[in-house]
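Text of target.cif (mmCIF, C-alpha atoms and all ligand atoms) as supplied:
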```cif
data_upload
loop_
_atom_site.label_atom_id
_atom_site.label_comp_id
_atom_site.auth_asym_id
_atom_site.auth_seq_id
_atom_site.Cartn_x
_atom_site.Cartn_y
_atom_site.Cartn_z
CA MET L 69 0.67 22.34 -7.26
CA SER L 70 -1.57 23.30 -10.19
CA ASP L 71 0.55 21.03 -12.34
CA LEU L 72 0.04 18.07 -9.99
CA SER L 73 -3.73 18.61 -9.93
CA LEU L 74 -3.81 17.80 -13.63
CA LYS L 75 -3.13 14.20 -12.70
CA PRO L 76 -6.53 12.50 -12.26
CA LEU L 77 -5.40 10.54 -9.19
CA VAL L 78 -4.00 13.60 -7.43
CA ALA L 79 -7.10 15.65 -8.30
CA ALA L 80 -9.43 12.96 -6.86
CA ALA L 81 -7.29 12.68 -3.73
CA ARG L 82 -7.55 16.44 -3.21
CA GLY L 83 -11.32 16.51 -3.66
CA LEU L 84 -11.10 18.19 -7.09
CA LYS L 85 -12.89 16.94 -10.19
CA PRO L 86 -10.53 14.63 -12.07
CA SER L 87 -10.43 14.72 -15.88
CA ARG L 88 -11.24 11.01 -15.81
CA GLN L 89 -11.88 8.21 -13.28
CA PRO L 90 -8.48 7.29 -11.78
CA VAL L 91 -7.59 3.59 -11.56
CA TRP L 92 -4.60 1.50 -10.50
CA PHE L 93 -4.14 -1.87 -8.79
CA MET L 94 -2.32 -2.70 -5.57
CA ARG L 95 0.51 -5.13 -6.47
CA GLN L 96 0.00 -4.33 -10.15
CA ALA L 97 3.60 -5.37 -10.79
CA GLY L 98 4.13 -8.97 -9.81
CA ARG L 99 3.96 -12.66 -10.42
CA TYR L 100 0.66 -12.72 -12.37
CA LEU L 101 2.53 -11.05 -15.25
CA PRO L 102 4.70 -13.35 -17.42
CA GLU L 103 7.06 -10.44 -18.16
CA TYR L 104 7.62 -10.02 -14.37
CA ARG L 105 8.30 -13.74 -13.94
CA ALA L 106 10.84 -13.53 -16.77
CA VAL L 107 12.80 -10.84 -14.89
CA ARG L 108 12.39 -12.65 -11.54
CA SER L 109 13.71 -15.90 -13.00
CA LYS L 110 17.09 -14.17 -13.31
CA VAL L 111 17.28 -12.19 -10.02
CA GLU L 112 16.18 -12.63 -6.42
CA PHE L 113 13.33 -10.43 -5.19
CA LEU L 114 15.52 -8.18 -3.00
CA GLU L 115 18.11 -7.80 -5.73
CA LEU L 116 15.30 -6.65 -7.97
CA CYS L 117 14.24 -4.06 -5.36
CA ARG L 118 17.85 -2.85 -5.04
CA SER L 119 18.45 -2.44 -8.76
CA PRO L 120 16.96 0.93 -9.85
CA GLU L 121 17.11 -0.18 -13.49
CA LEU L 122 15.22 -3.45 -12.97
CA ALA L 123 12.85 -2.04 -10.34
CA ALA L 124 11.86 0.74 -12.77
CA GLU L 125 11.42 -1.84 -15.54
CA VAL L 126 8.99 -4.03 -13.55
CA THR L 127 7.20 -0.95 -12.16
CA LEU L 128 6.44 0.09 -15.75
CA GLN L 129 5.43 -3.37 -17.00
CA PRO L 130 1.73 -3.11 -16.03
CA LEU L 131 1.50 0.39 -17.54
CA ARG L 132 2.54 -0.98 -20.92
CA ARG L 133 -0.35 -3.45 -20.83
CA TYR L 134 -3.08 -1.35 -19.24
CA ASP L 135 -4.40 2.22 -19.37
CA LEU L 136 -3.52 3.00 -15.73
CA ASP L 137 -3.41 6.35 -13.92
CA ALA L 138 -0.55 5.48 -11.58
CA ALA L 139 2.64 3.52 -11.11
CA ILE L 140 3.61 2.34 -7.62
CA ILE L 141 7.31 1.94 -7.11
CA PHE L 142 8.37 -1.70 -7.03
CA SER L 143 9.73 -2.44 -3.57
CA ASP L 144 8.41 -3.90 -0.31
CA ILE L 145 7.31 -2.48 3.04
CA LEU L 146 10.05 -4.55 4.72
CA VAL L 147 12.97 -3.07 2.76
CA PRO L 148 13.63 -0.37 5.45
CA CYS L 149 14.01 -3.14 8.08
CA THR L 150 17.21 -4.17 6.33
CA ALA L 151 18.51 -0.60 6.74
CA MET L 152 17.72 -0.80 10.47
CA GLY L 153 19.91 -3.88 10.84
CA GLN L 154 17.72 -6.93 10.29
CA THR L 155 18.34 -9.44 7.53
CA LEU L 156 15.38 -10.08 5.21
CA THR L 157 14.92 -13.29 3.27
CA PHE L 158 12.00 -14.72 1.35
CA ASP L 159 11.88 -18.47 1.84
CA LYS L 160 9.97 -20.25 -0.90
CA GLY L 161 6.29 -20.35 0.00
CA GLU L 162 7.03 -19.11 3.53
CA GLY L 163 6.70 -15.38 2.99
CA PRO L 164 9.17 -12.91 4.50
CA VAL L 165 11.59 -13.87 7.29
CA LEU L 166 13.43 -11.22 9.36
CA SER L 167 16.46 -12.17 11.43
CA GLN L 168 16.94 -11.06 15.07
CA PRO L 169 13.28 -10.44 15.94
CA VAL L 170 12.79 -7.52 18.33
CA ARG L 171 11.57 -8.98 21.63
CA SER L 172 13.40 -6.95 24.31
CA ALA L 173 15.05 -3.61 25.14
CA ALA L 174 18.42 -5.15 24.20
CA ASP L 175 17.08 -6.16 20.76
CA LEU L 176 15.72 -2.66 20.22
CA ALA L 177 19.05 -1.11 21.21
CA LYS L 178 20.79 -3.10 18.45
CA LEU L 179 18.69 -1.47 15.71
CA ARG L 180 20.07 1.48 13.77
CA ARG L 181 18.26 4.65 12.82
CA ALA L 182 18.59 4.11 9.09
CA ASP L 183 19.84 6.91 6.87
CA ALA L 184 17.14 7.05 4.20
CA VAL L 185 19.34 8.66 1.58
CA LYS L 186 22.45 6.53 2.10
CA ASP L 187 20.79 3.20 2.93
CA LEU L 188 17.62 3.39 0.83
CA GLY L 189 18.63 5.78 -1.93
CA TYR L 190 18.19 3.02 -4.51
CA VAL L 191 14.42 3.35 -4.06
CA GLY L 192 14.70 7.05 -4.91
CA GLU L 193 16.79 6.24 -7.98
CA ALA L 194 14.17 3.73 -9.09
CA ILE L 195 11.44 6.38 -8.66
CA ALA L 196 13.42 8.89 -10.74
CA LYS L 197 14.01 6.28 -13.48
CA THR L 198 10.37 5.16 -13.50
CA LYS L 199 9.15 8.74 -13.84
CA MET L 200 10.98 9.10 -17.11
CA GLY L 201 8.64 6.43 -18.49
CA LEU L 202 5.41 8.05 -17.26
CA ARG L 203 3.06 10.44 -19.05
CA SER L 204 2.50 13.79 -17.30
CA ASP L 205 -1.04 12.76 -16.31
CA GLN L 206 0.17 9.58 -14.60
CA THR L 207 0.93 9.61 -10.88
CA MET L 208 4.12 8.19 -9.38
CA ILE L 209 3.19 6.63 -6.04
CA GLY L 210 5.78 6.12 -3.32
CA PHE L 211 4.96 4.07 -0.24
CA ALA L 212 5.96 2.69 3.12
CA GLY L 213 4.49 0.31 5.65
CA ALA L 214 2.79 2.03 8.58
CA PRO L 215 4.78 1.75 11.84
CA PHE L 216 2.54 -0.90 13.42
CA THR L 217 2.50 -3.21 10.41
CA VAL L 218 6.27 -2.95 9.92
CA ALA L 219 6.80 -3.46 13.68
CA SER L 220 4.65 -6.59 13.59
CA TYR L 221 7.05 -8.22 11.10
CA MET L 222 10.10 -6.97 13.02
CA ILE L 223 8.77 -8.41 16.30
CA GLU L 224 7.42 -11.71 14.96
CA GLY L 225 10.42 -12.19 12.65
CA GLY L 226 8.01 -12.71 9.76
CA GLY L 227 4.29 -13.10 9.13
CA SER L 228 1.92 -14.30 11.84
CA LYS L 229 -1.64 -15.51 12.31
CA THR L 230 -2.01 -14.73 16.03
CA PHE L 231 0.48 -11.87 16.54
CA THR L 232 1.36 -13.36 19.93
CA GLU L 233 4.87 -11.87 20.14
CA VAL L 234 3.54 -8.45 19.11
CA LYS L 235 0.97 -8.60 21.90
CA ARG L 236 3.48 -9.98 24.39
CA LEU L 237 5.72 -6.96 23.75
CA LEU L 238 2.81 -4.50 23.77
CA PHE L 239 1.36 -5.80 27.04
CA LYS L 240 4.53 -6.81 28.91
CA GLU L 241 7.12 -4.33 27.60
CA PRO L 242 5.07 -1.32 26.51
CA ALA L 243 8.07 1.03 26.57
CA VAL L 244 10.03 -1.21 24.18
CA PHE L 245 6.98 -1.48 21.92
CA ALA L 246 6.61 2.33 21.94
CA GLY L 247 10.35 2.80 21.35
CA LEU L 248 10.25 0.50 18.33
CA LEU L 249 7.23 2.30 16.85
CA ASP L 250 8.93 5.67 17.39
CA LEU L 251 12.10 4.49 15.66
CA ILE L 252 10.16 3.09 12.70
CA GLY L 253 8.12 6.30 12.59
CA GLU L 254 11.24 8.46 12.31
CA VAL L 255 12.81 6.25 9.65
CA THR L 256 9.51 6.20 7.74
CA CYS L 257 9.29 10.03 7.71
CA ASP L 258 12.82 10.30 6.27
CA TYR L 259 12.12 7.50 3.82
CA LEU L 260 8.92 9.13 2.51
CA ALA L 261 10.65 12.54 2.25
CA MET L 262 13.44 10.95 0.20
CA GLN L 263 10.83 9.39 -2.12
CA VAL L 264 9.07 12.73 -2.67
CA LYS L 265 12.41 14.43 -3.31
CA SER L 266 13.10 11.73 -5.91
CA GLY L 267 9.81 12.38 -7.69
CA ALA L 268 6.90 10.65 -5.91
CA ASP L 269 3.68 12.60 -6.64
CA ALA L 270 1.62 10.77 -4.00
CA LEU L 271 2.30 8.48 -1.05
CA MET L 272 0.61 5.44 0.42
CA LEU L 273 0.96 4.01 3.92
CA PHE L 274 0.10 0.29 4.26
CA ASP L 275 -1.26 -0.69 7.69
CA THR L 276 -2.41 -4.17 6.66
CA TRP L 277 -2.42 -5.55 10.22
CA ALA L 278 -3.94 -2.59 12.11
CA GLY L 279 -7.13 -4.62 12.56
CA GLN L 280 -5.26 -7.14 14.75
CA LEU L 281 -5.54 -4.82 17.75
CA THR L 282 -8.64 -3.81 19.69
CA GLY L 283 -9.81 -0.29 19.00
CA ALA L 284 -8.67 0.82 22.45
CA ASP L 285 -5.14 -0.55 22.02
CA TYR L 286 -4.87 0.86 18.51
CA LEU L 287 -5.98 4.31 19.74
CA ARG L 288 -3.62 4.26 22.71
CA SER L 289 -0.50 2.64 21.32
CA VAL L 290 -0.54 3.00 17.52
CA LEU L 291 -2.66 5.89 16.24
CA PRO L 292 -0.46 8.68 17.70
CA VAL L 293 2.70 7.61 15.81
CA THR L 294 0.67 6.85 12.66
CA LYS L 295 -0.79 10.36 12.86
CA ARG L 296 2.68 11.85 13.20
CA VAL L 297 3.91 10.07 10.08
CA ILE L 298 0.81 11.09 8.11
CA ALA L 299 1.06 14.72 9.25
CA TYR L 300 4.74 14.78 8.28
CA ALA L 301 4.05 13.19 4.89
CA ARG L 302 1.29 15.72 4.19
CA GLY L 303 3.74 18.49 4.92
CA LEU L 304 5.77 17.22 1.96
CA GLY L 305 3.04 18.62 -0.31
CA VAL L 306 1.70 15.43 -1.87
CA PRO L 307 -1.53 13.58 -1.08
CA ILE L 308 -1.33 10.55 1.17
CA THR L 309 -3.44 7.39 1.23
CA TYR L 310 -3.84 5.22 4.36
CA PHE L 311 -4.76 1.54 4.08
CA PRO L 312 -6.12 0.34 7.45
CA GLY L 313 -6.41 -3.26 6.23
CA GLN L 314 -9.19 -5.64 7.15
CA GLY L 315 -11.81 -4.88 9.79
CA VAL L 316 -14.38 -2.16 9.25
CA ASP L 317 -14.13 -1.36 12.98
CA ARG L 318 -10.79 0.32 12.45
CA MET L 319 -12.61 3.12 10.60
CA PHE L 320 -14.20 4.19 13.89
CA GLU L 321 -10.79 5.09 15.29
CA LEU L 322 -9.73 7.27 12.37
CA SER L 323 -11.44 10.52 13.36
CA GLY L 324 -9.00 13.39 13.36
CA LEU L 325 -6.70 11.60 10.94
CA GLU L 326 -5.47 14.21 8.47
CA VAL L 327 -5.27 11.95 5.46
CA ASP L 328 -6.36 12.53 1.87
CA VAL L 329 -7.50 9.03 0.88
CA ILE L 330 -8.60 5.93 2.79
CA SER L 331 -8.05 2.68 0.91
CA VAL L 332 -10.92 0.29 1.66
CA ASP L 333 -10.42 -3.46 2.08
CA TRP L 334 -12.57 -5.65 -0.22
CA ARG L 335 -14.49 -7.07 2.77
CA THR L 336 -15.88 -3.63 3.65
CA ARG L 337 -18.58 -1.94 1.59
CA LEU L 338 -17.67 1.54 0.38
CA SER L 339 -21.02 2.65 1.82
CA SER L 340 -20.17 1.28 5.30
CA ALA L 341 -16.72 2.86 5.23
CA SER L 342 -18.12 6.19 4.11
CA LYS L 343 -20.91 6.12 6.72
CA ILE L 344 -18.55 5.35 9.60
CA LEU L 345 -15.92 7.84 8.47
CA ARG L 346 -18.48 10.61 7.95
CA GLY L 347 -19.87 9.81 11.42
CA ALA L 348 -16.34 10.31 12.75
CA GLY L 349 -16.14 13.66 10.97
CA LEU L 350 -13.76 12.38 8.30
CA GLU L 351 -14.70 13.24 4.72
CA THR L 352 -12.02 11.77 2.45
CA CYS L 353 -11.60 10.38 -1.00
CA LEU L 354 -12.01 6.58 -0.91
CA GLN L 355 -9.93 4.06 -2.84
CA GLY L 356 -11.10 0.59 -3.75
CA ASN L 357 -12.41 -1.91 -3.47
CA LEU L 358 -12.88 -4.78 -5.93
CA ASP L 359 -12.37 -8.25 -4.42
CA PRO L 360 -9.11 -9.34 -6.10
CA GLN L 361 -10.54 -12.88 -6.38
CA ILE L 362 -13.37 -11.61 -8.62
CA LEU L 363 -10.71 -11.41 -11.30
CA ILE L 364 -10.85 -15.19 -11.74
CA ALA L 365 -14.57 -14.93 -12.63
CA PRO L 366 -15.99 -14.90 -16.19
CA GLU L 367 -15.86 -11.62 -18.08
CA ASN L 368 -19.48 -10.59 -17.54
CA THR L 369 -19.20 -11.12 -13.78
CA VAL L 370 -16.02 -9.06 -13.59
CA ARG L 371 -17.65 -6.27 -15.61
CA GLN L 372 -20.78 -6.34 -13.45
CA ARG L 373 -18.79 -6.04 -10.19
CA VAL L 374 -16.85 -3.09 -11.59
CA ARG L 375 -20.12 -1.32 -12.49
CA GLU L 376 -21.52 -2.04 -9.02
CA ILE L 377 -18.56 -0.39 -7.28
CA LEU L 378 -18.58 2.61 -9.62
CA ALA L 379 -22.31 3.07 -9.09
CA GLU L 380 -21.93 2.73 -5.32
CA ALA L 381 -19.16 5.35 -5.27
CA ARG L 382 -21.20 7.69 -7.48
CA ASP L 383 -24.35 7.35 -5.34
CA LEU L 384 -22.39 8.05 -2.16
CA LYS L 385 -21.25 11.40 -3.61
CA LEU L 386 -17.79 10.77 -2.23
CA LYS L 387 -15.28 13.58 -2.01
CA GLY L 388 -13.36 11.51 -4.55
CA HIS L 389 -13.02 7.90 -5.70
CA ILE L 390 -9.93 6.08 -6.93
CA PHE L 391 -10.80 2.69 -8.38
CA ASN L 392 -8.58 -0.14 -7.10
CA VAL L 393 -8.69 -3.65 -5.72
CA GLY L 394 -9.47 -4.04 -2.00
CA HIS L 395 -6.14 -5.84 -1.42
CA GLY L 396 -3.15 -6.77 -3.58
CA LEU L 397 -3.50 -8.71 -6.82
CA LEU L 398 -2.79 -12.42 -6.39
CA PRO L 399 -0.29 -14.46 -8.46
CA HIS L 400 -3.08 -16.50 -10.15
CA THR L 401 -4.85 -13.39 -11.50
CA PRO L 402 -5.50 -13.84 -15.25
CA PRO L 403 -3.87 -10.78 -16.89
CA GLU L 404 -6.74 -10.34 -19.39
CA SER L 405 -9.25 -9.75 -16.57
CA LEU L 406 -7.61 -6.41 -15.76
CA SER L 407 -8.29 -5.28 -19.34
CA TRP L 408 -11.99 -6.00 -18.80
CA VAL L 409 -11.94 -3.96 -15.57
CA ILE L 410 -10.41 -0.95 -17.27
CA ASP L 411 -12.55 -1.23 -20.38
CA GLU L 412 -15.72 -1.40 -18.27
CA LEU L 413 -14.58 1.48 -16.10
CA ARG L 414 -13.76 3.72 -19.06
CA SER L 415 -17.11 3.04 -20.71
CA PHE L 416 -19.08 3.51 -17.46
CA THR L 417 -17.55 6.87 -16.57
O1 LIG S 501 1.89 -2.82 -5.20
C1 LIG S 501 2.94 -2.92 -5.87
O2 LIG S 501 2.96 -3.34 -7.05
C2 LIG S 501 4.26 -2.42 -5.26
C3 LIG S 501 5.07 -3.38 -4.65
C4 LIG S 501 4.69 -3.97 -3.28
C5 LIG S 501 5.14 -5.27 -2.90
N1 LIG S 501 4.78 -5.45 -1.60
C6 LIG S 501 5.89 -6.20 -3.76
C7 LIG S 501 6.07 -7.60 -3.35
C8 LIG S 501 4.02 -3.41 -2.19
C9 LIG S 501 3.30 -2.08 -2.07
C10 LIG S 501 4.09 -4.36 -1.12
C11 LIG S 501 3.52 -4.11 0.20
C12 LIG S 501 3.53 -5.18 1.22
N2 LIG S 501 4.48 -6.14 1.43
C13 LIG S 501 2.54 -5.29 2.25
C14 LIG S 501 1.38 -4.37 2.45
C15 LIG S 501 0.27 -4.59 1.49
C16 LIG S 501 -0.41 -5.93 1.61
O3 LIG S 501 -0.30 -6.71 0.64
O4 LIG S 501 -1.03 -6.18 2.64
C17 LIG S 501 2.91 -6.40 3.04
C18 LIG S 501 2.16 -6.92 4.23
C19 LIG S 501 4.14 -6.93 2.52
C20 LIG S 501 4.96 -8.05 3.06
C21 LIG S 501 5.22 -9.10 2.07
N3 LIG S 501 6.07 -8.96 0.99
C22 LIG S 501 4.73 -10.42 2.06
C23 LIG S 501 3.76 -10.98 3.08
C24 LIG S 501 5.29 -11.06 0.96
C25 LIG S 501 5.20 -12.52 0.59
C26 LIG S 501 3.86 -12.85 0.02
C27 LIG S 501 3.98 -13.03 -1.45
O5 LIG S 501 3.13 -12.49 -2.18
O6 LIG S 501 4.91 -13.74 -1.86
C28 LIG S 501 6.09 -10.12 0.25
C29 LIG S 501 6.87 -10.33 -1.00
C30 LIG S 501 6.51 -9.46 -2.16
N4 LIG S 501 6.35 -8.09 -2.11
C31 LIG S 501 6.36 -9.88 -3.53
C32 LIG S 501 6.07 -8.71 -4.26
C33 LIG S 501 5.85 -8.61 -5.75
C34 LIG S 501 6.55 -11.27 -4.05
C35 LIG S 501 8.01 -11.45 -4.35
C36 LIG S 501 8.31 -12.45 -5.43
O7 LIG S 501 8.40 -12.05 -6.62
O8 LIG S 501 8.52 -13.62 -5.09
#
```

Output the structure of this file as structure tokens.
Ligand code: CP3
Amino acid sequence: MSDLSLKPLVAAARGLKPSRQPVWFMRQAGRYLPEYRAVRSKVEFLELCRSPELAAEVTLQPLRRYDLDAAIIFSDILVPCTAMGQTLTFDKGEGPVLSQPVRSAADLAKLRRADAVKDLGYVGEAIAKTKMGLRSDQTMIGFAGAPFTVASYMIEGGGSKTFTEVKRLLFKEPAVFAGLLDLIGEVTCDYLAMQVKSGADALMLFDTWAGQLTGADYLRSVLPVTKRVIAYARGLGVPITYFPGQGVDRMFELSGLEVDVISVDWRTRLSSASKILRGAGLETCLQGNLDPQILIAPENTVRQRVREILAEARDLKLKGHIFNVGHGLLPHTPPESLSWVIDELRSFT
């Protein structure tokens, strides 16, 4: 592990002093980059995810432009749903659509326990290929959706504003809901293990929609399986980051979570997150949390917001701090604004 600790991101995640301030951006590979759009103009999104060569290429694109401390493998949290038997499509402007939404015991019974190596091995190949393009101090991040967030897409058949079908299943068919979360949990453990075996140095679990449940329902019906996945992932020997999404309240429920890093949504102050987590007995490294929309602001505003977050993190004497956005980069992000962020960060720290 001493080798891994040389990577600034891994050191910060483990509560060690990093050799420099680690920084990366959620969705750092994507449509805001012209070189990504050039690749995407020739292949569909899922084809891109399934081609190790092309996935590695777009994963590395942002690292050629910016002085980043990590690459996150180019894929999507919904890719494993295809290995469980659903069909995933991305309709223009509609977001993801999953066929055969899971609404009953019969629907659940039709799903397969995916074989991570056979069905999703292309993600591992992409990780191995990407790693060949990384410096030894750069961290290769693997990821998965957390069981609840993946389940919400599998139940709704796509995105949702009200999560009505998710709640219908949770309240009317709790055993089916629990069975689905258990299945996703098992597949996710295998999937993360495969990614680490292929070269991931750190893992991230995206629970973007966790804040859609009350604290009581989250504690009762979601936290136990999330904890199992996190405990399993930690056993793989790499640090793990949990993103609880929007809603500072969710932090209250995270006591006892054995996680290395909490990724903080841009709507939550780092100081609020740290206060609540410390109150719950959880002292972790924090990641975040620039508002991704600040990146459309003039240069001096962008630079000022970066300084504010760095100063806030420093004053909080956090166990560690990984600079990032507080949610994924948006397609209209001007690429040059990320250079200002990194330049400001490197001169501040
Ligand atoms: O961060 C990275 O650079 C790694 C790649 C990554 C993608 N999606 C690529 C992607 C990661 C980590 C994700 C996670 C993801 N996907 C989440 C959790 C994080 C979050 O943003 O809350 C969620 C909820 C999804 C589901 C998803 N995938 C949606 C809602 C959409 C459509 C919205 C959109 O931006 O078009 C996607 C598609 C998607 N995933 C794209 C990318 C680059 C756009 C595909 C394209 O090129 O058209």

At a cut-off of 6 Å around ligand LIG 501 (chain S), and using only C-alpha atoms and all ligand atoms, what residues come up? Please write them as a PyMOL selection string. chain L and resi 94-99+113+140-145+163-164+274+276+396

Let me have the centre and edge lengths of the axis-aligned box enclosing all listed atoms of stretch 405-416 of chain L with 8 Å padding on every side, in Å to one decimal, as AutoDock Vina command-line options.
```
--center_x -13.3 --center_y -3.0 --center_z -18.1 --size_x 27.5 --size_y 29.5 --size_z 21.1
```

Residues within 9 Å of (-1.1, -0.7, -15.2), file coordinates, counting only C-alpha atoms: what are they? Give the list as a list of chain:residue names.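 The residues that fall inside the cut-off are L:Val91, L:Trp92, L:Phe93, L:Gln96, L:Ala97, L:Thr127, L:Leu128, L:Gln129, L:Pro130, L:Leu131, L:Arg132, L:Arg133, L:Tyr134, L:Asp135, L:Leu136, L:Asp137, L:Ala138, L:Ala139, L:Leu406.
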
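Across the structure, atom CA of L:Ala173 and atom CA of L:Leu260 are spaced 26.7 Å apart.
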
Which residue out of L:Leu345, L:Phe416, L:Thr207, L:Gln355 has the minimum interatomic distance to L:Arg371 when only C-alpha atoms are used?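 So, comparing all the options, the nearest one is L:Phe416.
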
One-decimal distance in Å that lies between atom CA of L:Leu287 and atom CA of L:Leu386: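 The value is 25.8 Å.
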
Spatial neighbours of L:Pro366, max dist 12 Å, only C-alpha atoms, sep filter under 3 positions, as number ranges by chain: L: 361-363, 369-373, 402, 404-406, 408-409

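Counting only C-alpha atoms and comparing L:Leu397, L:Ala270, L:Ala381, L:Leu350, the residue that lies closest to L:Gln89 is L:Ala381.
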
For L:Ala212, please output as a count of residues only all residues within 10 Å (counting only C-alpha atoms; exclusion window: fewer than 6 positions along the same chain). 17

Near L:Gln154, counting all atoms listed in the file, which residues have an atom at most 12 Å away, once you skip same-chain residues fewer than 3 positions from it, shown as a list in words? Leu146, Val147, Pro148, Cys149, Thr150, Ala151, Thr157, Pro164, Val165, Leu166, Ser167, Gln168, Pro169, Val170, Asp175, Leu176, Lys178, Leu179, Arg180, Arg181, Ala182, Ala219, Tyr221, Met222, Ile223, Gly225 and Gly226 of chain L

Coordinates-based distance that separates atom CA of L:Pro399 from atom CA of L:Leu101 (Å, one decimal):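 So the two atoms, atom CA of L:Leu101 and atom CA of L:Pro399, lie 8.1 Å apart.
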
Got a sec: who's within 7 Å of stretch 81-86 of chain L, counting all atoms listed in the file, leaving out chain neighbours fewer than 3 positions off, as a PDB file with C-alpha atoms, in the coordinates of the input?
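The result, written out as part_1.pdb:
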```pdb
ATOM      1  CA  PRO L  76      -6.530  12.500 -12.260  1.00  0.00           C
ATOM      2  CA  LEU L  77      -5.400  10.540  -9.190  1.00  0.00           C
ATOM      3  CA  VAL L  78      -4.000  13.600  -7.430  1.00  0.00           C
ATOM      4  CA  GLN L  89     -11.880   8.210 -13.280  1.00  0.00           C
ATOM      5  CA  PRO L 307      -1.530  13.580  -1.080  1.00  0.00           C
ATOM      6  CA  ASP L 328      -6.360  12.530   1.870  1.00  0.00           C
ATOM      7  CA  VAL L 329      -7.500   9.030   0.880  1.00  0.00           C
ATOM      8  CA  CYS L 353     -11.600  10.380  -1.000  1.00  0.00           C
ATOM      9  CA  LYS L 387     -15.280  13.580  -2.010  1.00  0.00           C
ATOM     10  CA  GLY L 388     -13.360  11.510  -4.550  1.00  0.00           C
TER      11      GLY L 388
END
```

Smallest atom-to-atom distance to L:Thr401: which of L:Pro292, L:Pro360, L:Gly253, L:Gly153, using all atoms listed in the file?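 Using all atoms listed in the file, the shortest distance to L:Thr401 belongs to L:Pro360.
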
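Shell of L:Leu322 at 10 Å, with only C-alpha atoms counted and residues fewer than 6 places along the chain excluded, is Leu287, Leu291, Lys295, Pro312, Ile330, Ile344, Leu345, Ala348, Gly349 and Leu350 of chain L.
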
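Ranking L:Val327, L:Val185, L:Met319, L:Ala123 by their shortest atom-to-atom distance to L:Gly347, with all atoms listed in the file included, puts L:Met319 first.
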